[in-house]
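Asks: Below is the file protein35.cif, with mmCIF, C-alpha atoms.
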```
data_structure
loop_
_atom_site.label_atom_id
_atom_site.label_comp_id
_atom_site.auth_asym_id
_atom_site.auth_seq_id
_atom_site.Cartn_x
_atom_site.Cartn_y
_atom_site.Cartn_z
CA MET E 1 -12.40 31.63 -18.05
CA LYS E 2 -11.32 30.65 -14.55
CA PRO E 3 -10.69 26.99 -13.73
CA LEU E 4 -13.40 24.93 -12.05
CA LYS E 5 -12.45 23.56 -8.64
CA PHE E 6 -13.03 19.92 -7.76
CA THR E 7 -12.28 18.42 -4.38
CA ILE E 8 -12.05 14.69 -3.78
CA ASN E 9 -12.19 13.71 -0.13
CA ILE E 10 -10.31 10.46 0.33
CA LYS E 11 -7.92 9.13 2.96
CA ALA E 12 -4.85 9.21 0.75
CA HIS E 13 -1.56 11.05 0.77
CA SER E 14 -0.48 10.81 -2.87
CA SER E 15 -2.32 10.72 -6.15
CA TYR E 16 -1.50 10.57 -9.86
CA MET E 17 -3.66 10.85 -12.96
CA TYR E 18 -2.72 8.50 -15.77
CA CYS E 19 -4.45 6.89 -18.71
CA GLY E 20 -7.97 7.98 -17.70
CA HIS E 21 -7.53 6.70 -14.16
CA LEU E 22 -6.71 8.31 -10.85
CA PHE E 23 -4.21 6.39 -8.72
CA PHE E 24 -3.96 6.79 -4.96
CA VAL E 25 -1.56 5.84 -2.22
CA LEU E 26 -4.10 5.35 0.54
CA ASN E 27 -3.32 6.17 4.16
CA SER E 28 -3.83 2.47 4.88
CA GLY E 29 -0.70 1.81 2.78
CA GLU E 30 -2.56 0.35 -0.18
CA LEU E 31 -2.14 1.32 -3.81
CA ALA E 32 -5.50 1.80 -5.54
CA TYR E 33 -7.11 3.34 -8.60
CA ILE E 34 -10.45 4.53 -9.90
CA PRO E 35 -11.50 5.45 -13.46
CA VAL E 36 -11.95 9.20 -13.95
CA ASN E 37 -15.29 8.42 -15.63
CA THR E 38 -16.57 7.08 -12.31
CA ILE E 39 -15.57 10.32 -10.60
CA VAL E 40 -17.31 12.36 -13.31
CA GLU E 41 -20.48 10.27 -12.90
CA MET E 42 -20.42 10.81 -9.13
CA LEU E 43 -19.95 14.56 -9.58
CA ALA E 44 -22.75 14.74 -12.13
CA GLU E 45 -25.04 12.87 -9.74
CA ASN E 46 -24.17 15.20 -6.83
CA TYR E 47 -24.57 18.35 -8.92
CA PRO E 48 -27.34 17.61 -11.47
CA GLU E 49 -27.73 21.31 -12.36
CA TYR E 50 -24.12 21.29 -13.61
CA ASN E 51 -24.21 17.80 -15.12
CA ASN E 52 -23.37 18.84 -18.68
CA LEU E 53 -20.80 21.42 -17.64
CA ILE E 54 -18.93 18.85 -15.54
CA GLN E 55 -18.86 16.43 -18.46
CA ILE E 56 -17.57 19.14 -20.80
CA ALA E 57 -14.86 20.07 -18.27
CA PHE E 58 -13.53 16.51 -18.16
CA GLN E 59 -13.66 15.85 -21.90
CA ARG E 60 -10.78 16.33 -24.24
CA ASN E 61 -11.63 19.79 -25.44
CA ASP E 62 -9.66 19.78 -28.67
CA TYR E 63 -12.98 19.92 -30.58
CA LEU E 64 -13.28 23.53 -29.43
CA THR E 65 -10.46 24.51 -31.74
CA ASN E 66 -11.60 22.66 -34.84
CA GLU E 67 -13.87 23.99 -37.59
CA GLN E 68 -17.08 22.54 -36.14
CA GLY E 69 -16.29 24.05 -32.74
CA ARG E 70 -15.59 27.42 -34.30
CA ILE E 71 -18.95 27.40 -36.13
CA PHE E 72 -20.84 26.10 -33.09
CA LEU E 73 -19.41 28.72 -30.77
CA GLY E 74 -19.92 31.31 -33.48
CA ILE E 75 -23.56 31.34 -32.40
CA ASP E 76 -23.44 34.17 -29.89
CA LEU E 77 -26.18 32.82 -27.64
CA VAL E 78 -24.47 29.45 -27.31
CA LYS E 79 -21.10 31.01 -26.58
CA THR E 80 -22.53 33.47 -24.05
CA ALA E 81 -24.52 30.76 -22.26
CA LEU E 82 -21.44 28.51 -22.01
CA ILE E 83 -19.21 31.32 -20.73
CA ASN E 84 -21.81 32.50 -18.19
CA THR E 85 -22.45 28.99 -16.84
CA TRP E 86 -18.74 28.29 -16.58
CA GLN E 87 -18.07 31.61 -14.88
CA LYS E 88 -20.87 31.11 -12.37
CA ALA E 89 -19.61 27.62 -11.53
CA SER E 90 -15.99 28.76 -11.21
CA GLU E 91 -16.86 31.62 -8.89
CA GLU E 92 -19.59 30.09 -6.76
CA MET E 93 -18.99 26.37 -6.73
CA ASN E 94 -16.50 24.02 -5.13
CA PHE E 95 -17.48 20.60 -6.43
CA VAL E 96 -16.87 18.01 -3.73
CA ILE E 97 -17.21 14.27 -3.67
CA ASP E 98 -16.43 11.81 -0.91
CA LEU E 99 -14.62 8.71 -2.06
CA ASN E 100 -14.37 5.62 0.08
CA GLU E 101 -11.58 3.12 -0.21
CA GLU E 102 -14.21 0.59 -1.36
CA ASP E 103 -14.90 2.73 -4.43
CA CYS E 104 -11.34 2.06 -5.62
CA THR E 105 -9.77 -1.04 -7.11
CA LYS E 106 -6.90 -2.18 -4.90
CA ILE E 107 -3.59 -3.14 -6.48
CA GLY E 108 -1.71 -4.19 -3.37
CA ILE E 109 -0.12 -3.14 -0.11
CA ILE E 110 3.04 -1.06 -0.35
CA PRO E 111 5.60 -2.78 1.92
CA THR E 112 6.88 0.48 3.40
CA SER E 113 5.60 3.97 4.06
CA PRO E 114 5.63 6.80 3.29
CA VAL E 115 5.80 6.99 -0.49
CA LEU E 116 8.23 9.80 -1.31
CA ASP E 117 7.54 10.05 -5.03
CA MET E 118 5.27 8.42 -7.58
CA ARG E 119 5.36 8.32 -11.39
CA LEU E 120 3.41 6.40 -13.99
CA TYR E 121 5.02 5.81 -17.33
CA ALA E 122 4.85 3.16 -20.05
CA MET E 123 2.01 1.33 -18.26
CA LYS E 124 4.14 0.99 -15.15
CA ILE E 125 3.82 2.53 -11.70
CA TYR E 126 7.05 3.54 -9.96
CA LEU E 127 7.00 4.24 -6.24
CA GLY E 128 9.99 5.81 -4.47
CA THR E 129 10.21 4.95 -0.78
CA LYS E 130 12.83 5.05 1.96
CA GLN E 131 13.45 1.35 1.35
CA GLY E 132 13.86 1.59 -2.39
CA LEU E 133 12.02 1.67 -5.68
CA TYR E 134 8.94 -0.47 -6.29
CA GLU E 135 7.35 -1.19 -9.65
CA VAL E 136 3.92 -2.38 -10.73
CA ASP E 137 3.25 -3.46 -14.30
CA LEU E 138 -0.25 -2.27 -15.18
CA ASN E 139 -0.42 -4.35 -18.32
CA ALA E 140 0.85 -7.63 -17.00
CA ASP E 141 -1.01 -9.76 -19.56
CA ASN E 142 0.16 -7.53 -22.43
CA LYS E 143 -3.41 -6.73 -23.54
CA TYR E 144 -5.09 -3.36 -23.71
CA ASN E 145 -6.59 -3.49 -20.24
CA PHE E 146 -5.44 -2.91 -16.68
CA LYS E 147 -4.23 -6.07 -15.07
CA PRO E 148 -1.75 -4.88 -12.45
CA SER E 149 1.04 -7.16 -11.36
CA LEU E 150 2.21 -7.46 -7.76
CA LEU E 151 4.59 -4.82 -6.41
CA GLU E 152 8.20 -5.74 -7.07
CA LYS E 153 11.29 -4.11 -5.64
CA ARG E 154 13.68 -2.74 -8.24
CA PHE E 155 16.23 -0.74 -6.30
CA ASP E 156 17.50 -0.79 -2.73
CA ALA E 157 18.55 2.74 -1.79
CA LYS E 158 16.19 5.43 -0.48
CA VAL E 159 14.48 7.03 -3.49
CA THR E 160 13.50 10.62 -2.80
CA CYS E 161 12.61 11.76 -6.32
CA LEU E 162 12.13 9.98 -9.61
CA ASN E 163 11.18 10.75 -13.16
CA ALA E 164 10.61 8.64 -16.25
CA LYS E 165 10.79 9.75 -19.85
CA SER E 166 12.05 8.55 -23.21
CA GLY E 167 12.38 4.97 -22.03
CA GLU E 168 14.59 5.88 -19.09
CA ILE E 169 13.99 6.26 -15.39
CA ILE E 170 16.02 8.68 -13.26
CA ILE E 171 16.25 8.14 -9.53
CA SER E 172 17.57 10.59 -6.98
CA CYS E 173 18.83 9.05 -3.75
CA ASN E 174 19.93 12.34 -2.12
CA SER E 175 23.55 12.08 -0.98
CA GLU E 176 23.88 8.52 -2.28
CA GLY E 177 23.67 9.73 -5.85
CA LEU E 178 21.65 9.99 -9.02
CA PHE E 179 20.93 6.79 -10.92
CA HIS E 180 19.29 5.92 -14.18
CA GLY E 181 18.15 2.82 -15.98
CA SER E 182 16.27 1.71 -19.06
CA ILE E 183 12.64 0.74 -19.00
CA GLY E 184 11.90 -2.19 -21.21
CA ASN E 185 10.65 -5.69 -21.45
CA GLY E 186 14.00 -6.87 -20.21
CA ASN E 187 14.93 -10.17 -18.76
CA LYS E 188 13.01 -10.67 -15.51
CA LYS E 189 15.99 -12.46 -13.99
CA MET E 190 18.08 -9.33 -14.40
CA MET E 191 15.47 -7.31 -12.60
CA LYS E 192 15.84 -9.39 -9.50
CA GLU E 193 19.48 -8.47 -9.18
CA GLN E 194 19.95 -5.53 -6.87
CA LEU E 195 22.53 -2.85 -7.14
CA GLN E 196 24.72 -2.18 -4.14
CA VAL E 197 25.04 1.56 -3.84
CA ASN E 198 28.65 2.64 -3.76
CA GLN E 199 29.14 5.99 -2.06
CA SER E 200 32.47 6.55 -3.75
CA GLU E 201 30.66 6.50 -7.09
CA PRO E 202 27.69 8.75 -6.49
CA ALA E 203 26.32 8.43 -10.02
CA GLY E 204 25.78 5.08 -11.62
CA ARG E 205 23.60 2.99 -13.82
CA ILE E 206 20.96 0.64 -12.55
CA LEU E 207 20.08 -2.59 -14.25
CA THR E 208 17.52 -2.88 -17.01
CA LEU E 209 14.05 -2.41 -15.62
CA MET M 1 7.31 32.33 16.13
CA GLY M 2 4.82 30.25 18.04
CA TYR M 3 6.95 28.23 20.44
CA LYS M 4 6.99 29.49 24.03
CA PHE M 5 10.64 29.36 25.01
CA PRO M 6 11.29 29.11 28.76
CA LYS M 7 13.88 31.48 30.24
CA TYR M 8 17.21 29.89 31.08
CA LYS M 9 20.20 31.43 32.84
CA MET M 10 23.73 30.91 31.65
CA ASN M 11 26.19 29.75 34.28
CA ASN M 12 29.94 30.03 33.60
CA GLY M 13 29.29 30.25 29.87
CA LEU M 14 27.13 27.11 29.87
CA PHE M 15 23.45 26.24 29.89
CA GLY M 16 22.16 23.17 31.66
CA PRO M 17 22.44 20.53 32.77
CA THR M 18 19.62 18.66 31.04
CA SER M 19 18.05 15.66 32.71
CA GLU M 20 20.68 13.65 30.81
CA ASN M 21 23.36 15.69 32.63
CA ASN M 22 24.60 17.42 29.48
CA TYR M 23 25.55 21.07 29.06
CA TYR M 24 25.16 23.40 26.11
CA LYS M 25 27.58 26.09 25.03
CA PRO M 26 26.53 28.55 22.30
CA ILE M 27 29.32 29.08 19.77
CA TYR M 28 29.87 32.65 18.66
CA TYR M 29 30.17 31.96 14.90
CA HIS M 30 26.73 30.34 14.81
CA ASN M 31 25.06 33.18 16.72
CA LYS M 32 22.82 35.57 14.86
CA ASN M 33 25.11 38.57 15.34
CA ALA M 34 28.20 36.77 14.01
CA VAL M 35 29.97 37.86 10.83
CA ASN M 36 28.57 36.03 7.80
CA ASN M 37 30.51 32.89 6.91
CA SER M 38 29.29 30.70 4.06
CA ASN M 39 30.53 27.61 5.91
CA LYS M 40 28.67 28.34 9.13
CA SER M 41 24.92 28.53 9.45
CA LYS M 42 23.51 30.98 11.95
CA TRP M 43 20.70 30.77 14.46
CA ILE M 44 17.94 33.30 14.69
CA LEU M 45 17.46 32.13 18.27
CA LYS M 46 18.96 33.66 21.38
CA ASP M 47 21.43 31.61 23.43
CA GLY M 48 18.84 30.40 25.92
CA GLU M 49 16.45 29.49 23.12
CA GLN M 50 19.17 27.42 21.45
CA TYR M 51 19.54 25.54 24.73
CA GLU M 52 15.82 24.75 24.74
CA VAL M 53 16.15 23.25 21.24
CA PHE M 54 19.08 21.17 22.50
CA ARG M 55 17.32 20.16 25.73
CA LEU M 56 14.31 18.78 23.84
CA SER M 57 16.62 16.76 21.62
CA ASP M 58 18.82 15.48 24.44
CA GLU M 59 15.98 14.54 26.76
CA GLY M 60 13.94 13.12 23.89
CA LYS M 61 16.94 10.98 22.84
CA TRP M 62 16.68 12.18 19.24
CA LYS M 63 19.99 10.55 18.43
CA CYS M 64 21.23 9.74 14.94
CA ASP M 65 24.07 7.22 14.84
CA GLU M 66 24.68 7.80 11.13
CA ASN M 67 25.55 11.44 11.77
CA ASP M 68 26.92 10.92 15.29
CA GLY M 69 24.79 13.56 16.92
CA LEU M 70 21.38 14.78 17.93
CA PHE M 71 18.78 16.38 15.70
CA SER M 72 16.04 18.68 16.89
CA ILE M 73 12.86 20.21 15.54
CA LEU M 74 10.17 22.40 17.08
CA MET M 75 6.45 22.43 16.50
CA ASN M 76 6.36 20.07 13.56
CA GLY M 77 8.98 22.18 11.79
CA ASN M 78 6.83 25.30 11.84
CA GLU M 79 9.35 27.11 14.04
CA ILE M 80 12.19 28.59 12.00
CA LEU M 81 15.53 28.14 13.72
CA GLY M 82 18.12 29.51 11.30
CA GLN M 83 18.68 32.71 9.36
CA ASN M 84 18.19 30.91 6.05
CA GLU M 85 14.89 29.46 7.24
CA GLU M 86 16.42 26.22 8.49
CA ARG M 87 13.89 24.31 10.57
CA ILE M 88 16.06 21.52 11.91
CA ALA M 89 19.05 21.73 14.23
CA PHE M 90 22.02 19.41 14.60
CA PHE M 91 24.18 18.91 17.69
CA ARG M 92 27.32 16.89 17.05
CA THR M 93 28.37 14.52 19.84
CA PRO M 94 31.34 16.11 21.66
CA GLN M 95 34.64 14.27 21.55
CA ASN M 96 34.82 13.95 25.33
CA ILE M 97 31.79 12.95 27.32
CA SER M 98 32.32 15.81 29.78
CA ASP M 99 32.53 18.49 27.06
CA PRO M 100 29.57 20.81 26.50
CA TRP M 101 27.52 20.34 23.33
CA HIS M 102 27.01 22.91 20.63
CA GLY M 103 24.80 22.97 17.60
CA PHE M 104 23.61 24.83 14.56
CA PRO M 105 20.63 24.99 12.20
CA ILE M 106 20.74 22.75 9.12
CA TYR M 107 18.81 21.70 6.05
CA SER M 108 17.77 18.05 5.90
CA SER M 109 19.40 17.86 2.46
CA ASP M 110 22.83 18.66 3.97
CA PHE M 111 22.56 16.55 7.11
CA GLU M 112 20.12 13.71 6.52
CA PRO M 113 18.54 12.52 9.75
CA SER M 114 18.31 8.73 9.75
CA ALA M 115 15.05 7.08 8.73
CA LYS M 116 14.98 5.50 12.21
CA LEU M 117 14.99 8.93 13.91
CA ILE M 118 12.39 10.33 11.52
CA ASP M 119 10.15 7.33 12.25
CA LYS M 120 10.62 7.95 15.97
CA TRP M 121 9.58 11.60 15.57
CA PHE M 122 6.55 10.47 13.59
CA ASP M 123 5.56 7.75 16.08
CA ASP M 124 5.95 10.19 19.00
CA LYS M 125 3.86 12.79 17.10
CA ILE M 126 6.73 15.31 16.99
CA ILE M 127 6.10 15.60 13.25
CA ASP M 128 3.16 14.75 11.01
CA GLU M 129 3.13 12.71 7.81
CA ARG M 130 3.64 15.77 5.61
CA MET M 131 6.75 16.85 7.50
CA ARG M 132 8.02 13.25 7.62
CA ILE M 133 7.96 13.13 3.82
CA LYS M 134 9.61 16.56 3.52
CA ILE M 135 12.48 15.56 5.82
CA LEU M 136 12.97 12.18 4.14
CA LYS M 137 13.11 13.93 0.76
CA GLY M 138 15.50 16.58 2.02
CA ASP M 139 13.01 19.30 1.13
CA ILE M 140 13.39 21.43 4.24
#
```
Just give me the structure as structure tokens.

Replies:
Amino acid sequence: MKPLKFTINIKAHSSYMYCGHLFFVLNSGELAYIPVNTIVEMLAENYPEYNNLIQIAFQRNDYLTNEQGRIFLGIDLVKTALINTWQKASEEMNFVIDLNEEDCTKIGIIPTSPVLDMRLYAMKIYLGTKQGLYEVDLNADNKYNFKPSLLEKRFDAKVTCLNAKSGEIIISCNSEGLFHGSIGNGNKKMMKEQLQVNQSEPAGRILTL
Amino acid sequence: MGYKFPKYKMNNGLFGPTSENNYYKPIYYHNKNAVNNSNKSKWILKDGEQYEVFRLSDEGKWKCDENDGLFSILMNGNEILGQNEERIAFFRTPQNISDPWHGFPIYSSDFEPSAKLIDKWFDDKIIDERMRIKILKGDI
């Protein structure tokens, strides 16, 4: 089956899907997010004839591979109807919704533009900009809900690419070097210290994030 | 190739002067017919077209103090300037003020234009937001 195409019209130049939410760097310079469920509801409202198909497309489809899914899709009529509807939608439809900035929850204004790279990891947003690395803690109250903190600067040099995995963040600063640091619940005082980039040592270690 | 290059005549091996009273001298080892040299990038532009790239940069004051030279770009980076698809050119400031300039195509990852110059290009609508990000990241 071919993929379904969804287009979201919004004045933004970066986006990232994480934890059931879609995060945007808006053209206005603000960082914002919207739950994917809200987007699905808007799509279903705009395209009522494809309501169920859209909801299936956005669900975790691991049930299709379990025993119940195998039996359910073993009914030829059900399987054929699903495949035909999906195929028709994938070939004929481009699902479009218009999102306004007001539809999104704003986190804060990014002090500099443009954002050169964006990653979400361990309930934190990392934004690479020409003036350094900024971080937002999405779980500032340490409960299972989104309560984003204010943007805080973590690194001074221009960050062109970044990646986070296995408790570490890697930052590329082009000719100034490649840096890495640990992500943790480290001492906040340490975070406020800033590393002076030394060109004679192009690879180094940043402080605990 | 979408940029309409004006025709310029060489005079005593030099092009110019620009309105800033600077001259341009094409260097043989950067020209497209030169023998391949891994240390020297090569234009795909003719001599007079190279001068036009320089003239825009010189008259636009696209100076970069960090690299001590001028950078240039045509048509939001859609015009390819070098044989390896370089889209930016660099003209190093000559040692003597009366010397002619010369330049060559570069990648933004090898010669990083300063953020100040990239912001100037963006503010003057020489490049759009997409190209601004690509240059800042060293992607072109």

Asks: Kindly provide, as a list of chain:residue names, the residues of chain E having any atom no farther than 12 Å from an atom of chain M, counting only C-alpha atoms.

Replies: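 Here they are: E:Ala12, E:His13, E:Ser14, E:Asn27, E:Thr112, E:Ser113, E:Pro114, E:Val115, E:Leu116, E:Asp117, E:Gly128, E:Thr129, E:Lys130, E:Gln131, E:Ala157, E:Lys158, E:Val159, E:Thr160, E:Cys161, E:Leu162, E:Ser172, E:Cys173, E:Asn174, E:Ser175, E:Glu176.
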
Asks: Could you tell me which of E:Ile110, E:Ile34, E:Ile97, E:Leu151 comes closest to Asn46 (chain E) if we count all atoms listed in the file?

Replies: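 Answer, going by the shortest atom-to-atom distance: E:Ile97.
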
Asks: Exactly which residues make up the result of the PyMOL selection byres ((chain E and resi 91) around 10) on this file, given as a ChimeraX atom specification?

Replies: /E:2-5,86-90,92-94

Asks: Write out as a PyMOL selection string the residues lying within 9 Å of Glu49 (chain M), counting all atoms listed in the file and excluding same-chain residues fewer than 3 positions away.

Replies: chain M and resi 5-8+45-46+52-54

Asks: Produce the centre coordinates and the three edge lengths, each in Å to one decimal, of the box along x, y and z that contains all listed atoms of region 51-60 of chain E with 5 Å added on each side, as JSON.

Replies:
```
{"center_x": -17.5, "center_y": 18.6, "center_z": -19.7, "size_x": 23.4, "size_y": 15.6, "size_z": 19.1}
```

Asks: Please, what distance in Å, to one decimal, runs between CA of Ile169 (chain E) and CA of Tyr126 (chain E)?

Replies: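 Interatomic distance here is 9.2 Å.
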
Asks: Please determine, counting all atoms listed in the file, which residue among E:Asn61, E:Asp103, E:Tyr144, E:Gly69 has the shortest atom-to-atom distance to Val36 (chain E).

Replies: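 Answer, going by the shortest atom-to-atom distance: E:Asp103.
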
Asks: With distances taken over all atoms listed in the file, which residue among M:Tyr3, M:Trp62, M:Pro17, M:Lys116 lies nearest Gly77 (chain M)?

Replies: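 Smallest distance to Gly77 (chain M) is found for M:Tyr3.
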
Asks: Could you give me, as a ChimeraX atom specification, the residues within 10 Å of Ser19 (chain M), counting only C-alpha atoms and dropping anything in the same chain fewer than 5 positions from it?

Replies: /M:55,58-59

Asks: Report, in Å with one decimal, the straight-line distance from CA of Asn163 (chain E) to CA of Leu138 (chain E).

Replies: 17.4 Å

Asks: At a cut-off of 8 Å, using all atoms listed in the file, what residues contact region 47-55 of chain E? Leave out same-chain residues fewer than 6 positions from it and give the result as a ChimeraX atom specification.

Replies: /E:40,85-86,95

Asks: Tell me, in Å to one decimal, how far CA of Lys25 (chain M) is from CA of Lys125 (chain M).

Replies: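 Separation of CA of Lys25 (chain M) and CA of Lys125 (chain M): 28.3 Å.
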
Asks: Determine the residue set returned by the PyMOL selection byres ((chain M and resi 61) around 10) for the present structure, and present it as a ChimeraX atom specification.

Replies: /M:20,55-60,62-64,70-72,117,120

Asks: Which one is closest to His21 (chain E): E:Ile183, E:Ile39, E:Ile56, E:Ile107? Count only C-alpha atoms.

Replies: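 Of all the options, E:Ile39 lies closest to His21 (chain E).
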
Asks: Show me, as a PyMOL selection string, the residues that have an atom within 12 Å of Cys104 (chain E) when counting all atoms listed in the file, minus same-chain residues fewer than 6 positions from it.

Replies: chain E and resi 10-12+21-26+30-36+38-39+98

Asks: Got time to write the residues from that selection, C-alpha atoms, as a PDB file, in the frame of the given file?

Replies:
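Result saved to part-v8.pdb:
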```
ATOM      1  CA  ILE E  10     -10.310  10.460   0.330  1.00  0.00           C
ATOM      2  CA  LYS E  11      -7.920   9.130   2.960  1.00  0.00           C
ATOM      3  CA  ALA E  12      -4.850   9.210   0.750  1.00  0.00           C
ATOM      4  CA  HIS E  21      -7.530   6.700 -14.160  1.00  0.00           C
ATOM      5  CA  LEU E  22      -6.710   8.310 -10.850  1.00  0.00           C
ATOM      6  CA  PHE E  23      -4.210   6.390  -8.720  1.00  0.00           C
ATOM      7  CA  PHE E  24      -3.960   6.790  -4.960  1.00  0.00           C
ATOM      8  CA  VAL E  25      -1.560   5.840  -2.220  1.00  0.00           C
ATOM      9  CA  LEU E  26      -4.100   5.350   0.540  1.00  0.00           C
ATOM     10  CA  GLU E  30      -2.560   0.350  -0.180  1.00  0.00           C
ATOM     11  CA  LEU E  31      -2.140   1.320  -3.810  1.00  0.00           C
ATOM     12  CA  ALA E  32      -5.500   1.800  -5.540  1.00  0.00           C
ATOM     13  CA  TYR E  33      -7.110   3.340  -8.600  1.00  0.00           C
ATOM     14  CA  ILE E  34     -10.450   4.530  -9.900  1.00  0.00           C
ATOM     15  CA  PRO E  35     -11.500   5.450 -13.460  1.00  0.00           C
ATOM     16  CA  VAL E  36     -11.950   9.200 -13.950  1.00  0.00           C
ATOM     17  CA  THR E  38     -16.570   7.080 -12.310  1.00  0.00           C
ATOM     18  CA  ILE E  39     -15.570  10.320 -10.600  1.00  0.00           C
ATOM     19  CA  ASP E  98     -16.430  11.810  -0.910  1.00  0.00           C
TER      20      ASP E  98
END
```

Asks: Given only C-alpha atoms as the basis, pick out the residue of E:Glu102, E:Glu135, E:Glu168, E:Asp76 nearest to Glu152 (chain E).

Replies: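 Nearest to Glu152 (chain E): E:Glu135.
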
Asks: Starting from the shown file, work through the PyMOL selection byres ((chain M and resi 28) around 12) and note down what comes out as a list in words.

Replies: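 What the PyMOL selection byres ((chain M and resi 28) around 12) grabs from the file is Gly13, Lys25, Pro26, Ile27, Tyr29, His30, Asn31, Lys32, Asn33, Ala34, Val35, Asn36, Asn37, Lys40, Ser41, Lys42, Trp43, Lys46, Asp47, His102, Gly103 and Phe104 of chain M.
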
Asks: Which is closest to Phe91 (chain M) among M:Phe122, M:Gly2, M:Tyr51, M:Asp128, if we use all atoms listed in the file?

Replies: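 The shortest atom-to-atom distance to Phe91 (chain M) comes from M:Tyr51.
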
Asks: N, CA and C atoms are what I want for region 64-77 of chain E; can you complete it accordingly and write them as a short mmCIF file (atom, residue, chain, number, x, y, z; two decimals), keeping the file's coordinate frame?

Replies:
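So the final result, stored in selection-v2.cif, reads:
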```cif
data_model
loop_
_atom_site.label_atom_id
_atom_site.label_comp_id
_atom_site.auth_asym_id
_atom_site.auth_seq_id
_atom_site.Cartn_x
_atom_site.Cartn_y
_atom_site.Cartn_z
N LEU E 64 -12.97 22.10 -29.48
CA LEU E 64 -13.28 23.53 -29.43
C LEU E 64 -12.46 24.32 -30.44
N THR E 65 -11.33 23.75 -30.84
CA THR E 65 -10.46 24.51 -31.74
C THR E 65 -10.62 24.07 -33.20
N ASN E 66 -11.46 23.06 -33.44
CA ASN E 66 -11.60 22.66 -34.84
C ASN E 66 -12.70 23.47 -35.54
N GLU E 67 -12.95 23.18 -36.79
CA GLU E 67 -13.87 23.99 -37.59
C GLU E 67 -15.31 23.93 -37.06
N GLN E 68 -15.72 22.68 -36.67
CA GLN E 68 -17.08 22.54 -36.14
C GLN E 68 -17.25 23.36 -34.86
N GLY E 69 -16.23 23.29 -33.99
CA GLY E 69 -16.29 24.05 -32.74
C GLY E 69 -16.38 25.54 -33.00
N ARG E 70 -15.60 25.98 -33.99
CA ARG E 70 -15.59 27.42 -34.30
C ARG E 70 -16.97 27.88 -34.77
N ILE E 71 -17.62 27.05 -35.62
CA ILE E 71 -18.95 27.40 -36.13
C ILE E 71 -19.99 27.36 -34.99
N PHE E 72 -19.87 26.28 -34.17
CA PHE E 72 -20.84 26.10 -33.09
C PHE E 72 -20.77 27.27 -32.10
N LEU E 73 -19.56 27.61 -31.73
CA LEU E 73 -19.41 28.72 -30.77
C LEU E 73 -19.55 30.08 -31.45
N GLY E 74 -19.66 30.06 -32.75
CA GLY E 74 -19.92 31.31 -33.48
C GLY E 74 -21.34 31.80 -33.24
N ILE E 75 -22.20 30.90 -32.77
CA ILE E 75 -23.56 31.34 -32.40
C ILE E 75 -23.45 32.06 -31.07
N ASP E 76 -23.70 33.35 -31.08
CA ASP E 76 -23.44 34.17 -29.89
C ASP E 76 -24.15 33.67 -28.65
N LEU E 77 -25.41 33.25 -28.81
CA LEU E 77 -26.18 32.82 -27.64
C LEU E 77 -25.56 31.59 -26.99
#
```
